[in-house]
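Peer 1: Just passing along the structure, written as structure tokens.
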Amino acid sequence: MTNSSRAACQALDADDPLAPLRTLFDLPSGVIYLDGNSLGARPHAALQCAQQVIQQEWGHDLIRSWNKAGWFDLPNRLGNKLATLIGAGENEVVITDSTSINLFKLLAGALQIQAGKADGVSRKVIVTERGNFPTDIYMAQGLTEWLDRGYRIHLADTPQELATAVNAETAVLMLTHVNYRSGHLHDMQAVTKAAQEQGALVLWDLAHSAGAVPVDLHAANADFAVGCTYKYLNGGPGAPAFAWIAPRHHAQFRQPLSGWWSHQAPFTMQPAFAPGDGIRRALCGTQPVVSLALVECGLDIFAQTDMQALRRKSLALTDLFIALVESRCAGLGLTLVTPRQHEQRGSHVSFAHAHGYAVMRELIARGVIGDYREPHVMRFGFTPLYTQFTDVWDAVSTLRRILADKDYEIDAQQEAVT
Ligand SMILES: Cc1ncc(COP(=O)(O)O)c(C=O)c1O
């Protein structure tokens, strides 16, 4: 990478075909926002959308909006928009609940499908990585303990161990496609194929993939997927998550949170539960409509580009960041955590530093917003929809100044959210 001047970065911005998309976001001046991997920026349209939903649909139309404004169908309608970003088909995705809750539902459904097979009694293990996002592990632990039927979890520590951990005892391989801490990207197709050859079902967490890297669930022949909308999809803080089930499992799929929204005909008010058609059976109860409606504003922006173009820019941004940090901050105590190989990298870059938390706090104080994950890891998210090449240059300049001057408060007390 030879873009070793700010002018070179300005030239890259001037040539960037995605640059106009930045104007669709409300980005505060004086801030370089490198945390879209945690909370995406606000699309301008979200404000008008919130006003429409709150003032007109709720305020004026009241209960009529369930039909008139299509509130009831929102999980499916928005799920169809999201489907195009993850290689899913029509009526295969719902936007609903949180990622944690969707993990619980889909994991439970997957265990039940396995239990119904001829070799089901011997498939009692959920395999995942120790370095997976904690909620994924916690939800699996909660489910297996609650089931109390001999299910257990195997936490793999290395890629080699992961490759051999899936065997005739495995019910489900549950993985996060792009690791939240390191930014490591799994080869979804190869991993899925290898696990399915052992008879396992494969559930992918796409929290750091949807809208960040190209995903093709059908091409990978995946079984289940969940993910967030509040990160790269720019749905808003705490926006509902999504759930996908391969159509071949729809008919058998059952889940324990069988609320009335997953019923075949909720307004027949039957005392007996009958699961709804297709992906609707992954729903539970009434959705947070205001928050759900805003997800559309983020999704609509993706219709103006495609994941290949976003991936090209994402890799150019992360390549540039790695190269500039390693050249301009050499000898200042940073170690790259994220893989260098493109095919193993998501859209954020992590560097470890002995005083990572203190350095990140100082960066944020100076207007460069990333975040921190234990132990020692500073994360920098690159969102091709709105991150500029000059942002990368300026962020590295600030980082170099802080590190060179040792201008950070080592004893800084950690805030609740890091
Ligand atoms: C991989 C992964 N899964 C799940 C979550 C969060 O799940 P929830 O929205 O239920 O809190 C995150 C949050 O950062 C994540 O990185």
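Following the order of the structure tokens, first chain is A, next is B, and so on, with residues numbered from 1 inside each chain and ligands from 1 in the order they appear.
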Would you name the residues within 7 Å of ligand 1, counting only C-alpha atoms and all ligand atoms, and put them as a PyMOL selection string?

Peer 2: chain A and resi 38+98-101+132-133+135-136+176+179-180+205-208+227-228+238+241

Peer 1: With only C-alpha atoms as the basis for distance, which of A:Gly116, A:Ser258, A:Leu103, A:Ala156 is at the shortest distance from Trp204 in chain A?

Peer 2: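 Among A:Gly116, A:Ser258, A:Leu103, A:Ala156, it is A:Leu103 that comes nearest to Trp204 in chain A.
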
Peer 1: Can you list, as a PyMOL selection string, all residues belonging to range 87-263 of chain A that DSSP tags as alpha helix (DSSP H)?

Peer 2: chain A and resi 99-115+134-147+159-165+188-197+217-220+247-250

Peer 1: How far is it from CA of Thr170 in chain A to CA of Arg149 in chain A, in Å with one decimal?

Peer 2: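 Separation between CA of Thr170 in chain A and CA of Arg149 in chain A: 14.5 Å.
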
Peer 1: Mind checking DSSP for range 94-149 of chain A and telling me the strand (DSSP E or B) residues as number ranges by chain?

Peer 2: A: 94-96, 125-129

Peer 1: List the neighbours of Arg6 in chain A out to 12 Å using only C-alpha atoms; skip same-chain residues closer than 6 positions along the sequence, and give me the result as a ChimeraX atom specification.

Peer 2: /A:12-13,320,324,388-397

Peer 1: Keeping N, CA, C and O atoms, export the residues of the selection given above as a PDB file, in the first residue's frame.

Peer 2:
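Below is the file that was written, again.pdb:
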```pdb
ATOM      1  N   LEU A  12      -8.195   9.101  -3.140  1.00  0.00           N
ATOM      2  CA  LEU A  12      -9.020   7.891  -3.067  1.00  0.00           C
ATOM      3  C   LEU A  12     -10.484   8.252  -2.787  1.00  0.00           C
ATOM      4  O   LEU A  12     -11.399   7.672  -3.375  1.00  0.00           O
ATOM      5  N   ASP A  13     -10.696   9.215  -1.902  1.00  0.00           N
ATOM      6  CA  ASP A  13     -12.076   9.655  -1.622  1.00  0.00           C
ATOM      7  C   ASP A  13     -12.721  10.259  -2.866  1.00  0.00           C
ATOM      8  O   ASP A  13     -13.898  10.023  -3.144  1.00  0.00           O
ATOM      9  N   LEU A 320      -5.622  -0.204   4.186  1.00  0.00           N
ATOM     10  CA  LEU A 320      -4.985   1.101   4.398  1.00  0.00           C
ATOM     11  C   LEU A 320      -4.722   1.326   5.894  1.00  0.00           C
ATOM     12  O   LEU A 320      -3.633   1.753   6.291  1.00  0.00           O
ATOM     13  N   LEU A 324      -1.076   1.821   7.450  1.00  0.00           N
ATOM     14  CA  LEU A 324      -0.702   3.108   8.060  1.00  0.00           C
ATOM     15  C   LEU A 324      -0.353   2.956   9.542  1.00  0.00           C
ATOM     16  O   LEU A 324       0.587   3.578  10.024  1.00  0.00           O
ATOM     17  N   GLN A 388     -14.531   7.333   5.198  1.00  0.00           N
ATOM     18  CA  GLN A 388     -13.707   7.900   4.123  1.00  0.00           C
ATOM     19  C   GLN A 388     -12.246   7.461   4.302  1.00  0.00           C
ATOM     20  O   GLN A 388     -11.805   7.179   5.414  1.00  0.00           O
ATOM     21  N   PHE A 389     -11.500   7.496   3.199  1.00  0.00           N
ATOM     22  CA  PHE A 389     -10.071   7.168   3.283  1.00  0.00           C
ATOM     23  C   PHE A 389      -9.323   8.220   4.110  1.00  0.00           C
ATOM     24  O   PHE A 389      -8.398   7.891   4.850  1.00  0.00           O
ATOM     25  N   THR A 390      -9.775   9.474   4.020  1.00  0.00           N
ATOM     26  CA  THR A 390      -9.124  10.505   4.847  1.00  0.00           C
ATOM     27  C   THR A 390      -9.425  10.289   6.333  1.00  0.00           C
ATOM     28  O   THR A 390      -8.617  10.665   7.186  1.00  0.00           O
ATOM     29  N   ASP A 391     -10.570   9.686   6.645  1.00  0.00           N
ATOM     30  CA  ASP A 391     -10.860   9.352   8.053  1.00  0.00           C
ATOM     31  C   ASP A 391      -9.772   8.415   8.575  1.00  0.00           C
ATOM     32  O   ASP A 391      -9.331   8.526   9.723  1.00  0.00           O
ATOM     33  N   VAL A 392      -9.388   7.467   7.715  1.00  0.00           N
ATOM     34  CA  VAL A 392      -8.373   6.497   8.121  1.00  0.00           C
ATOM     35  C   VAL A 392      -7.055   7.231   8.395  1.00  0.00           C
ATOM     36  O   VAL A 392      -6.412   7.025   9.436  1.00  0.00           O
ATOM     37  N   TRP A 393      -6.689   8.097   7.481  1.00  0.00           N
ATOM     38  CA  TRP A 393      -5.436   8.847   7.663  1.00  0.00           C
ATOM     39  C   TRP A 393      -5.472   9.659   8.963  1.00  0.00           C
ATOM     40  O   TRP A 393      -4.559   9.603   9.784  1.00  0.00           O
ATOM     41  N   ASP A 394      -6.578  10.388   9.154  1.00  0.00           N
ATOM     42  CA  ASP A 394      -6.672  11.283  10.321  1.00  0.00           C
ATOM     43  C   ASP A 394      -6.733  10.488  11.631  1.00  0.00           C
ATOM     44  O   ASP A 394      -6.158  10.901  12.643  1.00  0.00           O
ATOM     45  N   ALA A 395      -7.416   9.352  11.603  1.00  0.00           N
ATOM     46  CA  ALA A 395      -7.503   8.526  12.816  1.00  0.00           C
ATOM     47  C   ALA A 395      -6.115   8.021  13.200  1.00  0.00           C
ATOM     48  O   ALA A 395      -5.738   8.035  14.387  1.00  0.00           O
ATOM     49  N   VAL A 396      -5.346   7.600  12.209  1.00  0.00           N
ATOM     50  CA  VAL A 396      -3.998   7.088  12.508  1.00  0.00           C
ATOM     51  C   VAL A 396      -3.106   8.229  13.009  1.00  0.00           C
ATOM     52  O   VAL A 396      -2.286   8.034  13.916  1.00  0.00           O
ATOM     53  N   SER A 397      -3.280   9.429  12.464  1.00  0.00           N
ATOM     54  CA  SER A 397      -2.491  10.580  12.945  1.00  0.00           C
ATOM     55  C   SER A 397      -2.762  10.819  14.437  1.00  0.00           C
ATOM     56  O   SER A 397      -1.840  11.043  15.229  1.00  0.00           O
TER      57      SER A 397
END
```

Peer 1: Write out as a Markdown table the residues of range 62-170 of chain A that have any atom within 12 Å of an atom of range 44-56 of chain A, one row each with the nearest atom pair and its distance in Å to one decimal, counting only C-alpha atoms, sorted by chain and then rising number.

Peer 2:
```
| residue | atom | partner | partner_atom | distance |
| --- | --- | --- | --- | --- |
| A:Leu62 | CA | A:Gln56 | CA | 8.3 |
| A:Ile63 | CA | A:Gln56 | CA | 11.4 |
| A:Arg64 | CA | A:Gln56 | CA | 11.0 |
| A:Ser65 | CA | A:Gln56 | CA | 9.1 |
| A:Trp66 | CA | A:Val53 | CA | 11.4 |
| A:Lys68 | CA | A:Gln56 | CA | 11.2 |
| A:Ala69 | CA | A:Val53 | CA | 8.8 |
| A:Gly70 | CA | A:Val53 | CA | 11.2 |
| A:Trp71 | CA | A:Val53 | CA | 9.9 |
```

Peer 1: Write to file, as a short mmCIF file (atom, residue, chain, number, x, y, z; two decimals), in the first residue's frame, the residues of the selection just made, with N, CA and C atoms.

Peer 2:
```cif
data_model
loop_
_atom_site.label_atom_id
_atom_site.label_comp_id
_atom_site.auth_asym_id
_atom_site.auth_seq_id
_atom_site.Cartn_x
_atom_site.Cartn_y
_atom_site.Cartn_z
N LEU A 62 -53.74 5.19 15.22
CA LEU A 62 -53.91 4.30 16.38
C LEU A 62 -53.94 2.83 15.99
N ILE A 63 -54.81 2.07 16.60
CA ILE A 63 -54.82 0.61 16.42
C ILE A 63 -55.01 0.19 14.96
N ARG A 64 -55.58 1.08 14.17
CA ARG A 64 -55.82 0.75 12.75
C ARG A 64 -54.51 0.50 12.01
N SER A 65 -53.41 1.01 12.54
CA SER A 65 -52.14 0.89 11.83
C SER A 65 -51.63 -0.54 11.72
N TRP A 66 -52.11 -1.42 12.60
CA TRP A 66 -51.66 -2.82 12.45
C TRP A 66 -51.99 -3.33 11.05
N LYS A 68 -53.54 -0.97 8.46
CA LYS A 68 -53.39 0.12 7.49
C LYS A 68 -51.93 0.42 7.16
N ALA A 69 -51.07 0.43 8.18
CA ALA A 69 -49.66 0.75 7.95
C ALA A 69 -48.81 -0.52 7.82
N GLY A 70 -49.46 -1.66 7.84
CA GLY A 70 -48.73 -2.92 7.63
C GLY A 70 -47.83 -3.31 8.79
N TRP A 71 -48.17 -2.86 10.00
CA TRP A 71 -47.32 -3.21 11.15
C TRP A 71 -47.21 -4.72 11.34
#
```

Peer 1: Identify, on the basis of only C-alpha atoms, every residue whose closest approach to Ser182 in chain A does not exceed 8 Å; exclude the query and any residue fewer than 4 positions from it along the same chain; express the result as a PyMOL selection string.

Peer 2: chain A and resi 337-339+349-350

Peer 1: Need the shell around Leu217 in chain A: protein/DNA/RNA residues with any atom at most 9 Å away, counting only C-alpha atoms. Skip same-chain ones fewer than 5 positions apart. Format as an mmCIF file with N, CA, C and O atoms, in the first residue's frame?

Peer 2:
```cif
data_model
loop_
_atom_site.group_PDB
_atom_site.id
_atom_site.type_symbol
_atom_site.label_atom_id
_atom_site.label_comp_id
_atom_site.auth_asym_id
_atom_site.auth_seq_id
_atom_site.Cartn_x
_atom_site.Cartn_y
_atom_site.Cartn_z
ATOM 1 N N ILE A 86 -27.943 -11.396 2.407
ATOM 2 C CA ILE A 86 -27.323 -12.568 3.039
ATOM 3 C C ILE A 86 -27.557 -13.849 2.230
ATOM 4 O O ILE A 86 -27.401 -14.947 2.758
ATOM 5 N N GLY A 87 -27.943 -13.691 0.988
ATOM 6 C CA GLY A 87 -28.119 -14.865 0.126
ATOM 7 C C GLY A 87 -29.272 -15.750 0.556
ATOM 8 O O GLY A 87 -29.223 -16.970 0.402
ATOM 9 N N ALA A 88 -30.320 -15.120 1.093
ATOM 10 C CA ALA A 88 -31.512 -15.871 1.487
ATOM 11 C C ALA A 88 -32.632 -15.544 0.498
ATOM 12 O O ALA A 88 -32.541 -14.576 -0.257
ATOM 13 N N MET A 188 -17.476 -19.785 5.311
ATOM 14 C CA MET A 188 -18.791 -20.345 5.649
ATOM 15 C C MET A 188 -19.082 -21.626 4.867
ATOM 16 O O MET A 188 -19.588 -22.609 5.421
ATOM 17 N N GLN A 189 -18.749 -21.602 3.595
ATOM 18 C CA GLN A 189 -19.083 -22.749 2.754
ATOM 19 C C GLN A 189 -18.301 -24.006 3.173
ATOM 20 O O GLN A 189 -18.876 -25.072 3.361
ATOM 21 N N ALA A 222 -26.238 -23.463 4.385
ATOM 22 C CA ALA A 222 -26.351 -23.328 5.848
ATOM 23 C C ALA A 222 -27.730 -23.797 6.308
ATOM 24 O O ALA A 222 -28.666 -23.919 5.504
ATOM 25 N N ASP A 223 -27.844 -24.063 7.616
ATOM 26 C CA ASP A 223 -29.118 -24.527 8.164
ATOM 27 C C ASP A 223 -29.896 -23.399 8.850
ATOM 28 O O ASP A 223 -31.108 -23.289 8.676
ATOM 29 N N PHE A 224 -29.190 -22.592 9.651
ATOM 30 C CA PHE A 224 -29.847 -21.527 10.411
ATOM 31 C C PHE A 224 -28.909 -20.316 10.481
ATOM 32 O O PHE A 224 -27.687 -20.486 10.446
ATOM 33 N N ALA A 225 -29.508 -19.140 10.653
ATOM 34 C CA ALA A 225 -28.678 -17.942 10.858
ATOM 35 C C ALA A 225 -29.449 -16.912 11.674
ATOM 36 O O ALA A 225 -30.693 -16.836 11.610
ATOM 37 N N ALA A 246 -33.279 -22.360 6.863
ATOM 38 C CA ALA A 246 -33.286 -22.924 5.503
ATOM 39 C C ALA A 246 -34.665 -23.514 5.230
ATOM 40 O O ALA A 246 -35.216 -24.216 6.090
#
```

Peer 1: Here is a test: counting only C-alpha atoms, which residue of A:Ala316, A:Ala354, A:Ala219, A:Ala243 is nearest to Phe382 in chain A?

Peer 2: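 Looking only at the distances to Phe382 in chain A, the closest residue turns out to be A:Ala316.
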
Peer 1: Tell me which protein, DNA and RNA residues are within 6 Å of His353 in chain A, counting only C-alpha atoms, leaving out same-chain ones fewer than 6 positions away, and put them as a PyMOL selection string.

Peer 2: chain A and resi 333-334+376

Peer 1: Produce a file of the selected residues containing N, CA, C and O atoms, as an mmCIF file, in the first residue's frame.

Peer 2:
```cif
data_model
loop_
_atom_site.group_PDB
_atom_site.id
_atom_site.type_symbol
_atom_site.label_atom_id
_atom_site.label_comp_id
_atom_site.auth_asym_id
_atom_site.auth_seq_id
_atom_site.Cartn_x
_atom_site.Cartn_y
_atom_site.Cartn_z
ATOM 1 N N GLY A 333 4.014 -0.035 20.417
ATOM 2 C CA GLY A 333 3.358 -1.013 21.310
ATOM 3 C C GLY A 333 2.089 -1.642 20.776
ATOM 4 O O GLY A 333 1.351 -2.274 21.534
ATOM 5 N N LEU A 334 1.819 -1.493 19.480
ATOM 6 C CA LEU A 334 0.585 -2.074 18.928
ATOM 7 C C LEU A 334 0.862 -3.415 18.248
ATOM 8 O O LEU A 334 1.883 -3.570 17.572
ATOM 9 N N HIS A 376 -7.218 -6.044 26.235
ATOM 10 C CA HIS A 376 -6.255 -5.166 25.542
ATOM 11 C C HIS A 376 -6.621 -4.767 24.117
ATOM 12 O O HIS A 376 -5.792 -4.179 23.425
#
```

Peer 1: Out of A:Gly36, A:Pro375, A:Pro214, A:Pro17, which residue has the shortest atom-to-atom distance to Pro237 in chain A when counting only C-alpha atoms?

Peer 2: A:Gly36

Peer 1: I want to know what sits within 10 Å of Gly89 in chain A, based on only C-alpha atoms, with residues of the same chain fewer than 6 positions away left out; could you give that as a VMD selection string?

Peer 2: chain A and resid 79 to 83 217 to 218 244 246 to 247

Peer 1: Considering only C-alpha atoms, can you say which of A:Arg328, A:Met307, A:Tyr151, A:Met174 comes closest to Gly120 in chain A?

Peer 2: A:Tyr151
